[in-house]
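Comments concern the structure below.
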There are 2 protein chains.
Amino acid sequence: MTVTARETGPHDQASSGRQARPLLLDVDVHPLFLPRDILPRLPEPWRTRYANENSGRGGARAIHDYPRWRNGGFRIDAAVPGGPPGSDIDVLRAQLLDEYGTDIAILIPLTFALEGPADYKAALCRAINDWLAQEWLNRDPRLRGSLNVPFDSPDLAVAEIERFAGDPRFVQVMVRGDTQSEWGDKKYWPIYRAAEAADFVAMCHVGGEPGNHYRGSGAPSYYLEQHVWLHMPVERLAMSMICEGVFDAFPRLQVALVEACLTWSGPLQWAMDAAYAVAGNDAPQLSRLPSEYFREHFWLSTQPIEEPDNPRHLVKSIEFAQLTDRVMFSSDYPHWDFDSPVKALPAAMPAAMRGKIMGENAARLYARRLNRG
Amino acid sequence: MTVTARETGPHDQASSGRQARPLLLDVDVHPLFLPRDILPRLPEPWRTRYANENSGRGGARAIHDYPRWRNGGFRIDAAVPGGPPGSDIDVLRAQLLDEYGTDIAILIPLTFALEGPADYKAALCRAINDWLAQEWLNRDPRLRGSLNVPFDSPDLAVAEIERFAGDPRFVQVMVRGDTQSEWGDKKYWPIYRAAEAADFVAMCHVGGEPGNHYRGSGAPSYYLEQHVWLHMPVERLAMSMICEGVFDAFPRLQVALVEACLTWSGPLQWAMDAAYAVAGNDAPQLSRLPSEYFREHFWLSTQPIEEPDNPRHLVKSIEFAQLTDRVMFSSDYPHWDFDSPVKALPAAMPAAMRGKIMGENAARLYARRLNRG
């Protein structure tokens with residue numbers, strides 16, 4: 001079975017007229033939960049702990065928090081009565097799915113801070129995953145989900161992955177940006193093994209983790225800096241997973257790097273290969289060039305997309321990186337720096353590349369999970 | 001006065017036959033000091049402290065330390081009796097300056113760990129600067145020096161800069177990679193002010209700082225990873241200095257980013273401009289596009305250089321980044337991944353770009369200090 005616009009079901013209002021149009025998959029859409037969504041899905045003693053941690057927030061914020069971003073980080077027009085932007089499926093349908101004829105939108109519920117005892121973190125992840133399945137994925141066939149797991153408790157993470165392994169509503173496992181060890185560390189391999197076995201993509205969307213976790217010294221003063229920085233932890237993730245041999249152990253595992261820019265990916269490959277040429281014997285477990293692992297296992301998303309003066313330089317950079325088949329459109333709805341599908345890519349981009357990025361690549365990456373339904 | 005091959009003095013053995021050849025400036029050469037070099041230049045109580053900290057090391061290591069790199073990080077043929085590679089000026093002359101006809105080599109004495117009370121750190125920097133001046137810069141007119149300063153004690157750093165402000169042997173101030181705050185923080189502005197006033201370049205060469213300082217979570221398992229990572233802290237440095245308004249305050253200040261690759265510089269500019277387009281009002285002090293600050297204030301060096309399959313992609317990436325006039329050759333002597341001037345750049349590079357990178361750009365950047373002598 002192949003994912004096509006025709007198969008996206010009754011919510012696709014204009015399907016009869018659009019069967020010939022290109023696929024549109026959006027790989028970065030954020031639903032937001034409130035304490036009221038999580039509390040009834042938490043057992044004690046975690047329900048009390050979570051209630052205490054979220055008291056005084058008026059129900060308007062949950063684990064995630066964008067304290068100093070414009071409008072809390074969101075599109076003003078995405079606000080809904082009684083909840084933050086991204087908390088209402090009907091608004092999301094109107095502003096995103098129906099507005100652009102999105103065939104598939106992959107939901108990423110971010111939990112920026114995830115702290116406390118392992119069982120508490122695992123319970124929170126379970127509650128969030130249940131909420132996502134029941135309140136979102138069950139209510140629109142165009143939606144697919146990403147699993148939150150307690151990444152630094154690999155046994156509990158694996159249990160949560162296995163709980164949803166057979167569930168076609170979920171397509172990927174979220175790799176946290178604030179792991180306690182580097183991402184390729186063998187302690188995380190059970191997670192990668194479980195993801196691979198279930199055809200889950202491993203997806204990393206860094207951003208907003210508190211404190212110093214993804215930066216090193218200091219904290220950024222401006223959103224401008226912080227947003228550009230997001231490519232750095234995922235570059236480290238890619239190097240760590242490649243150098244530690246994750247992909248030799250799990251050759252089918254695929255990794256999506258969402259909301260982390262694109263054009264660093266050529267320079268990273270070239271720098272890794274140059275270092276490998278002189279220092280490859282330091283990592284003798286590698287069986288191929290680092291760039292080959294990168295191009296065989298990593299995928300990138302378009303929001304935020306770099307904007308060189310000459311938009312052809314963006315096109316050339318994607319070609320130089322040999323990632324034309326691995327870049328995927330993302331809108332980052334409902335954030336204020338949302339990219340519309342009709343404006344995200346420059347006019348200078350060739351039609352073939354555009355078609356791949358807007359839908360074909362994501363359909364191929366997620367095919368094994370999308371076609372389980 | 002303009003720096004030319006002819007003016008490099010009597011050590012230039014073949015100068016009469018080479019007046020027409022292109023300039024060769026090498027902006028990353030490492031002299032190494034031993035405890036025996038530093039101890040006599042330290043006053044008490046710091047002499048005793050330094051002796052205690054370095055006891056048991058057999059005189060073979062000093063503040064810097066490459067514990068697990070190949071051959072301690074050095075070219076095997078650069079070893080000298082009684083000292084590590086890089087500790088003997090005659091070997092450096094033979095293997096580098098005379099071998100390649102280097103016109104100017106800029107010495108960067110790395111002090112990877114610099115810890116303890118502020119006065120101790122300042123005393124160590126003074127001792128290292130004095131050693132560099134007396135044992136190296138005084139002994140060959142082709143050599144120029146970089147100042148170590150206690151960066152997180154700005155008043156002491158400024159005092160050290162002013163001690164050498166009028167000294168033509170020194171051309172730049174070293175910006176540490178392990179600053180306690182982000183590099184653009186106003187606490188460091190007195191350092192930038194003093195550097196600008198003395199026409200010193202601000203130069204950052206990250207690498208080897210202990211612990212977690214320049215990475216964020218975890219530590220790399222392999223040299224391959226660590227070496228590729230070096231561009232990340234300098235990207236953060238560039239963003240921080242730009243966004244905090246350092247270059248509006250100090251418009252003549254120039255920053256050299258040494259040993260941190262090249263081709264990330266286009267993507268960084270594009271990502272910053274894209275973020276500025278949507279979030280510029282978060283940093284209202286900026287008077288121009290971030291990329292304009294970058295191209296007007298930053299310089300890059302060639303070692304390590306990225307090696308795409310198609311070397312023309314390297315050339316194109318430098319052109320896309322609009323940095324043809326700001327990339328400078330560096331050898332990284334005496335490290336084992338040393339780049340020879342005759343092999344560092346791909347044959348596909350146009351002659352005009354090659355000439356700029358091998359010498360013209362560095363001669364322009366360092367002109368104000370080079371021409372003081």
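Identifiers in this document derive from the order of the structure tokens: chains are assigned A, B, ..., residues are numbered from 1 separately in each chain, and ligands are numbered from 1 in order of occurrence.
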
After superposing chain A onto chain B (least squares, all C-alpha atoms, pairing by order), export the transformed chain as a compact mmCIF listing (two decimals) with C-alpha atoms, in the first residue's frame.
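Output contents, as saved in superposed.txt:
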```
# COMPACT_ATOMS: atom_id res chain seq x y z
CA MET A 1 54.26 48.98 4.62
CA THR A 2 53.06 45.74 3.15
CA VAL A 3 54.14 42.30 4.28
CA THR A 4 55.93 40.56 1.44
CA ALA A 5 58.18 37.57 1.19
CA ARG A 6 61.16 39.84 0.64
CA GLU A 7 60.69 41.49 4.00
CA THR A 8 60.76 38.37 6.09
CA GLY A 9 64.44 38.72 6.78
CA PRO A 10 67.61 36.66 6.80
CA HIS A 11 65.95 33.41 7.79
CA ASP A 12 64.22 33.32 4.43
CA GLN A 13 67.00 31.34 2.78
CA ALA A 14 65.62 31.52 -0.73
CA SER A 15 64.22 34.98 -0.69
CA SER A 16 65.99 36.26 -3.77
CA GLY A 17 64.46 33.55 -5.88
CA ARG A 18 61.00 33.77 -4.40
CA GLN A 19 60.07 37.40 -4.51
CA ALA A 20 57.44 36.70 -7.11
CA ARG A 21 55.88 33.75 -5.34
CA PRO A 22 52.70 34.18 -3.33
CA LEU A 23 52.74 35.06 0.33
CA LEU A 24 52.54 32.20 2.80
CA LEU A 25 51.15 33.00 6.24
CA ASP A 26 50.36 30.18 8.64
CA VAL A 27 47.90 31.21 11.36
CA ASP A 28 47.92 28.10 13.56
CA VAL A 29 51.27 26.85 14.83
CA HIS A 30 51.72 25.47 18.33
CA PRO A 31 54.79 25.95 20.49
CA LEU A 32 54.73 23.84 23.63
CA PHE A 33 56.06 24.81 27.00
CA LEU A 34 57.26 22.63 29.82
CA PRO A 35 57.13 23.22 33.55
CA ARG A 36 60.82 24.17 33.34
CA ASP A 37 59.85 27.03 31.01
CA ILE A 38 57.16 28.35 33.29
CA LEU A 39 58.50 27.83 36.80
CA PRO A 40 61.31 30.41 36.72
CA ARG A 41 58.87 32.98 35.34
CA LEU A 42 56.32 32.51 38.15
CA PRO A 43 56.53 34.44 41.45
CA GLU A 44 55.65 32.78 44.73
CA PRO A 45 53.25 31.48 45.94
CA TRP A 46 52.31 30.46 42.39
CA ARG A 47 55.64 28.83 41.63
CA THR A 48 55.12 26.29 44.41
CA ARG A 49 51.52 25.70 43.44
CA TYR A 50 52.43 25.12 39.81
CA ALA A 51 55.31 22.81 40.78
CA ASN A 52 52.95 20.78 42.92
CA GLU A 53 50.33 20.56 40.21
CA ASN A 54 52.92 19.36 37.72
CA SER A 55 54.87 17.00 39.90
CA GLY A 56 55.01 13.45 38.69
CA ARG A 57 54.67 14.46 35.07
CA GLY A 58 58.36 14.05 34.42
CA GLY A 59 58.59 17.39 32.77
CA ALA A 60 56.98 15.99 29.65
CA ARG A 61 53.64 17.64 30.03
CA ALA A 62 52.50 21.03 31.13
CA ILE A 63 49.09 22.63 31.36
CA HIS A 64 48.05 21.18 28.07
CA ASP A 65 47.46 17.50 27.80
CA TYR A 66 46.18 15.24 25.04
CA PRO A 67 45.79 12.04 26.99
CA ARG A 68 44.29 9.73 24.40
CA TRP A 69 45.18 11.15 21.05
CA ARG A 70 47.50 9.45 18.65
CA ASN A 71 51.11 10.03 19.71
CA GLY A 72 49.77 12.53 22.24
CA GLY A 73 48.39 14.50 19.31
CA PHE A 74 51.69 15.16 17.59
CA ARG A 75 53.69 14.34 14.52
CA ILE A 76 56.11 11.61 15.50
CA ASP A 77 58.89 13.29 13.51
CA ALA A 78 58.45 16.50 15.52
CA ALA A 79 59.70 14.96 18.75
CA VAL A 80 62.88 16.37 20.22
CA PRO A 81 65.22 15.04 22.91
CA GLY A 82 64.11 16.18 26.34
CA GLY A 83 60.88 17.75 25.28
CA PRO A 84 57.61 17.24 23.42
CA PRO A 85 57.02 18.15 19.78
CA GLY A 86 56.77 21.89 19.39
CA SER A 87 59.23 22.63 22.16
CA ASP A 88 62.30 23.31 19.98
CA ILE A 89 62.56 26.31 17.69
CA ASP A 90 65.22 24.77 15.48
CA VAL A 91 63.04 21.78 14.69
CA LEU A 92 60.16 24.10 13.93
CA ARG A 93 62.36 26.15 11.62
CA ALA A 94 63.52 23.05 9.76
CA GLN A 95 60.17 21.29 9.53
CA LEU A 96 57.96 24.26 8.89
CA LEU A 97 59.43 27.70 8.21
CA ASP A 98 62.34 26.68 6.00
CA GLU A 99 60.65 23.62 4.54
CA TYR A 100 57.81 25.62 3.05
CA GLY A 101 59.23 29.12 2.92
CA THR A 102 56.67 30.37 5.40
CA ASP A 103 56.70 34.15 5.51
CA ILE A 104 54.92 34.55 8.83
CA ALA A 105 53.85 31.88 11.34
CA ILE A 106 51.53 32.89 14.16
CA LEU A 107 52.24 30.96 17.34
CA ILE A 108 49.33 29.82 19.51
CA PRO A 109 50.45 28.39 22.87
CA LEU A 110 47.41 26.51 24.11
CA THR A 111 46.69 26.28 27.83
CA PHE A 112 43.80 23.89 27.87
CA ALA A 113 43.19 23.86 31.60
CA LEU A 114 43.48 27.19 33.35
CA GLU A 115 42.04 26.83 36.81
CA GLY A 116 42.53 28.23 40.26
CA PRO A 117 42.41 31.69 41.79
CA ALA A 118 42.38 34.65 39.43
CA ASP A 119 45.83 35.87 40.43
CA TYR A 120 47.29 32.44 39.77
CA LYS A 121 45.72 32.28 36.34
CA ALA A 122 46.99 35.77 35.57
CA ALA A 123 50.49 34.85 36.73
CA LEU A 124 50.48 31.76 34.53
CA CYS A 125 49.41 33.80 31.52
CA ARG A 126 52.16 36.35 32.20
CA ALA A 127 54.76 33.59 32.46
CA ILE A 128 53.60 31.96 29.23
CA ASN A 129 53.59 35.27 27.36
CA ASP A 130 57.07 36.12 28.63
CA TRP A 131 58.34 32.69 27.67
CA LEU A 132 56.84 33.02 24.19
CA ALA A 133 58.39 36.45 23.67
CA GLN A 134 61.83 35.54 24.98
CA GLU A 135 62.28 31.99 23.72
CA TRP A 136 60.45 32.16 20.39
CA LEU A 137 59.51 35.60 19.11
CA ASN A 138 62.93 37.09 19.89
CA ARG A 139 64.66 34.33 18.01
CA ASP A 140 63.05 34.40 14.58
CA PRO A 141 61.56 37.39 12.79
CA ARG A 142 59.08 35.16 10.98
CA LEU A 143 57.29 34.35 14.24
CA ARG A 144 54.44 36.30 15.81
CA GLY A 145 52.65 35.60 19.06
CA SER A 146 49.19 35.20 20.61
CA LEU A 147 48.55 36.42 24.14
CA ASN A 148 47.16 34.17 26.83
CA VAL A 149 44.98 36.17 29.21
CA PRO A 150 42.82 35.17 32.20
CA PHE A 151 39.60 35.68 30.26
CA ASP A 152 37.16 35.39 33.15
CA SER A 153 39.01 38.06 35.13
CA PRO A 154 38.55 40.88 32.63
CA ASP A 155 40.48 43.46 34.64
CA LEU A 156 43.52 41.20 34.83
CA ALA A 157 43.11 40.27 31.19
CA VAL A 158 43.07 43.93 30.19
CA ALA A 159 46.22 44.57 32.22
CA GLU A 160 48.00 41.80 30.34
CA ILE A 161 46.79 43.09 26.99
CA GLU A 162 48.01 46.57 27.84
CA ARG A 163 51.38 45.18 28.91
CA PHE A 164 51.93 44.05 25.31
CA ALA A 165 49.83 46.58 23.42
CA GLY A 166 52.89 48.32 22.02
CA ASP A 167 54.85 45.14 21.36
CA PRO A 168 54.93 44.28 17.64
CA ARG A 169 55.87 40.70 18.37
CA PHE A 170 52.27 39.96 19.43
CA VAL A 171 49.38 40.18 16.98
CA GLN A 172 46.36 38.83 18.83
CA VAL A 173 44.57 38.00 22.07
CA MET A 174 43.35 34.46 22.68
CA VAL A 175 39.63 34.15 23.44
CA ARG A 176 39.19 31.03 25.53
CA GLY A 177 36.75 28.29 24.57
CA ASP A 178 35.76 27.65 28.16
CA THR A 179 34.52 31.07 29.21
CA GLN A 180 32.17 31.03 32.17
CA SER A 181 29.57 33.13 30.34
CA GLU A 182 28.70 33.43 26.70
CA TRP A 183 31.32 35.32 24.76
CA GLY A 184 29.20 38.38 24.03
CA ASP A 185 28.46 39.04 27.70
CA LYS A 186 29.20 42.60 28.69
CA LYS A 187 31.62 41.44 31.36
CA TYR A 188 34.06 40.63 28.56
CA TRP A 189 33.70 43.94 26.75
CA PRO A 190 36.71 45.55 28.48
CA ILE A 191 38.81 42.80 26.89
CA TYR A 192 37.39 43.49 23.46
CA ARG A 193 37.85 47.22 23.98
CA ALA A 194 41.50 46.75 24.91
CA ALA A 195 42.08 44.40 21.98
CA GLU A 196 40.50 46.80 19.53
CA ALA A 197 42.50 49.74 20.90
CA ALA A 198 45.76 47.84 20.37
CA ASP A 199 44.78 46.50 16.92
CA PHE A 200 44.92 43.00 18.35
CA VAL A 201 42.81 40.40 16.60
CA ALA A 202 40.58 38.42 18.98
CA MET A 203 41.37 34.79 18.19
CA CYS A 204 39.55 31.70 19.42
CA HIS A 205 41.10 28.25 19.13
CA VAL A 206 38.93 25.76 20.98
CA GLY A 207 40.08 22.26 21.68
CA GLY A 208 41.01 20.14 24.60
CA GLU A 209 39.40 22.15 27.37
CA PRO A 210 38.65 19.63 30.07
CA GLY A 211 35.33 18.27 31.06
CA ASN A 212 32.12 19.39 29.58
CA HIS A 213 32.86 23.00 28.90
CA TYR A 214 32.40 23.21 25.18
CA ARG A 215 29.97 20.49 24.42
CA GLY A 216 26.90 20.28 26.62
CA SER A 217 25.75 16.81 27.63
CA GLY A 218 28.23 14.01 27.77
CA ALA A 219 31.72 13.63 26.44
CA PRO A 220 32.77 12.32 23.04
CA SER A 221 34.01 8.77 22.81
CA TYR A 222 36.27 9.28 19.82
CA TYR A 223 38.71 11.85 18.52
CA LEU A 224 36.79 11.69 15.27
CA GLU A 225 33.77 13.17 17.03
CA GLN A 226 35.66 15.65 19.11
CA HIS A 227 37.56 17.14 16.22
CA VAL A 228 34.42 17.67 14.16
CA TRP A 229 32.69 19.22 17.16
CA LEU A 230 35.10 22.12 17.32
CA HIS A 231 33.01 24.30 15.06
CA MET A 232 30.12 24.35 17.53
CA PRO A 233 31.56 26.52 20.28
CA VAL A 234 32.85 29.01 17.74
CA GLU A 235 29.43 29.18 16.11
CA ARG A 236 28.04 29.98 19.53
CA LEU A 237 30.82 32.53 20.03
CA ALA A 238 29.94 34.24 16.76
CA MET A 239 26.23 34.36 17.51
CA SER A 240 26.78 35.59 21.04
CA MET A 241 29.17 38.37 20.04
CA ILE A 242 26.91 39.47 17.19
CA CYS A 243 23.66 39.37 19.14
CA GLU A 244 25.03 41.11 22.21
CA GLY A 245 26.18 44.06 20.14
CA VAL A 246 29.93 43.63 20.57
CA PHE A 247 30.61 44.84 17.04
CA ASP A 248 28.42 47.91 17.33
CA ALA A 249 30.46 48.83 20.40
CA PHE A 250 33.82 47.87 18.87
CA PRO A 251 33.45 48.27 15.11
CA ARG A 252 37.14 47.66 14.33
CA LEU A 253 37.37 44.44 16.33
CA GLN A 254 38.20 41.42 14.17
CA VAL A 255 37.82 37.80 15.31
CA ALA A 256 39.75 34.80 13.99
CA LEU A 257 38.24 31.32 14.47
CA VAL A 258 41.11 28.89 14.21
CA GLU A 259 40.94 25.11 13.78
CA ALA A 260 37.19 24.96 13.53
CA CYS A 261 36.47 24.02 9.89
CA LEU A 262 34.97 26.36 7.30
CA THR A 263 31.89 25.31 5.46
CA TRP A 264 29.46 25.71 8.37
CA SER A 265 29.90 29.45 7.93
CA GLY A 266 27.44 29.82 5.05
CA PRO A 267 24.71 27.78 6.74
CA LEU A 268 25.23 29.72 9.97
CA GLN A 269 24.82 33.05 8.20
CA TRP A 270 21.69 31.84 6.41
CA ALA A 271 20.16 30.42 9.58
CA MET A 272 20.91 33.60 11.54
CA ASP A 273 19.36 35.77 8.84
CA ALA A 274 16.29 33.55 8.67
CA ALA A 275 15.90 33.74 12.45
CA TYR A 276 16.49 37.48 12.34
CA ALA A 277 13.73 37.86 9.77
CA VAL A 278 11.19 36.46 12.21
CA ALA A 279 12.78 37.20 15.58
CA GLY A 280 14.90 40.28 14.99
CA ASN A 281 12.76 42.31 17.38
CA ASP A 282 14.05 40.04 20.15
CA ALA A 283 17.50 41.56 19.60
CA PRO A 284 16.64 45.16 18.68
CA GLN A 285 20.17 46.39 19.24
CA LEU A 286 21.31 44.85 15.95
CA SER A 287 21.69 47.47 13.25
CA ARG A 288 22.35 45.08 10.38
CA LEU A 289 21.71 41.50 9.32
CA PRO A 290 23.63 38.97 11.45
CA SER A 291 25.37 37.72 8.31
CA GLU A 292 26.71 41.20 7.63
CA TYR A 293 28.33 41.31 11.05
CA PHE A 294 29.73 37.86 10.44
CA ARG A 295 31.32 38.73 7.11
CA GLU A 296 32.70 42.00 8.46
CA HIS A 297 34.21 40.67 11.68
CA PHE A 298 35.04 36.97 11.41
CA TRP A 299 37.89 35.06 9.77
CA LEU A 300 38.40 31.31 9.44
CA SER A 301 41.40 29.01 9.09
CA THR A 302 41.88 25.97 6.88
CA GLN A 303 42.96 23.20 9.24
CA PRO A 304 40.95 20.98 9.54
CA ILE A 305 39.43 21.50 6.13
CA GLU A 306 36.35 19.65 4.98
CA GLU A 307 36.80 17.12 2.20
CA PRO A 308 33.68 16.61 0.11
CA ASP A 309 33.79 13.91 -2.56
CA ASN A 310 33.71 16.68 -5.11
CA PRO A 311 36.31 19.28 -4.09
CA ARG A 312 34.48 21.90 -6.12
CA HIS A 313 31.77 21.78 -3.47
CA LEU A 314 34.32 23.13 -1.00
CA VAL A 315 35.13 25.99 -3.35
CA LYS A 316 31.44 26.69 -3.94
CA SER A 317 30.71 26.60 -0.22
CA ILE A 318 33.35 29.25 0.45
CA GLU A 319 31.90 31.36 -2.35
CA PHE A 320 28.32 30.88 -1.13
CA ALA A 321 29.43 31.98 2.34
CA GLN A 322 31.06 35.07 0.75
CA LEU A 323 34.23 34.36 2.69
CA THR A 324 36.77 34.14 -0.11
CA ASP A 325 38.53 37.13 1.42
CA ARG A 326 38.41 35.78 4.98
CA VAL A 327 39.75 32.23 4.95
CA MET A 328 43.38 31.82 6.01
CA PHE A 329 45.80 28.96 5.63
CA SER A 330 46.85 27.14 8.80
CA SER A 331 49.06 24.08 9.22
CA ASP A 332 48.38 23.20 12.89
CA TYR A 333 52.04 22.23 13.24
CA PRO A 334 53.25 20.09 15.06
CA HIS A 335 50.08 18.04 15.35
CA TRP A 336 49.84 14.79 13.50
CA ASP A 337 46.98 16.06 11.37
CA PHE A 338 49.29 18.85 10.18
CA ASP A 339 48.36 20.22 6.75
CA SER A 340 51.24 20.92 4.38
CA PRO A 341 50.97 24.22 2.50
CA VAL A 342 51.49 22.37 -0.74
CA LYS A 343 48.62 19.95 -0.13
CA ALA A 344 46.11 21.74 2.08
CA LEU A 345 43.90 23.10 -0.68
CA PRO A 346 42.33 20.99 -3.44
CA ALA A 347 43.64 21.30 -6.97
CA ALA A 348 40.16 22.36 -8.05
CA MET A 349 40.51 25.65 -6.19
CA PRO A 350 40.99 28.64 -8.52
CA ALA A 351 44.37 30.34 -8.30
CA ALA A 352 42.95 33.65 -7.13
CA MET A 353 41.17 32.03 -4.17
CA ARG A 354 44.26 29.99 -3.39
CA GLY A 355 46.48 33.06 -3.26
CA LYS A 356 44.12 34.81 -0.90
CA ILE A 357 43.85 31.85 1.43
CA MET A 358 47.55 31.00 1.48
CA GLY A 359 48.68 34.46 2.53
CA GLU A 360 46.89 37.55 1.30
CA ASN A 361 43.93 37.31 3.64
CA ALA A 362 46.02 36.79 6.78
CA ALA A 363 48.37 39.58 5.74
CA ARG A 364 45.37 41.88 5.51
CA LEU A 365 43.85 40.77 8.82
CA TYR A 366 47.10 41.10 10.74
CA ALA A 367 48.43 44.10 8.80
CA ARG A 368 48.06 46.62 11.59
CA ARG A 369 50.12 44.50 13.99
CA LEU A 370 52.52 43.00 11.45
CA ASN A 371 53.49 46.41 10.21
CA ARG A 372 54.34 47.79 13.63
CA GLY A 373 57.72 46.09 13.74
```

Would you give me, as a PyMOL selection string, the residues in stretch 236-309 of chain A that DSSP reads as helix (DSSP H, G or I)? chain A and resi 236-243+246-249+265-282+290-297

If you run DSSP over the backbone, which residues in stretch 189-351 of chain B end up strand (DSSP E or B)? Put them as number ranges by chain. B: 201-204, 255-257, 298-301, 327-328, 333, 335
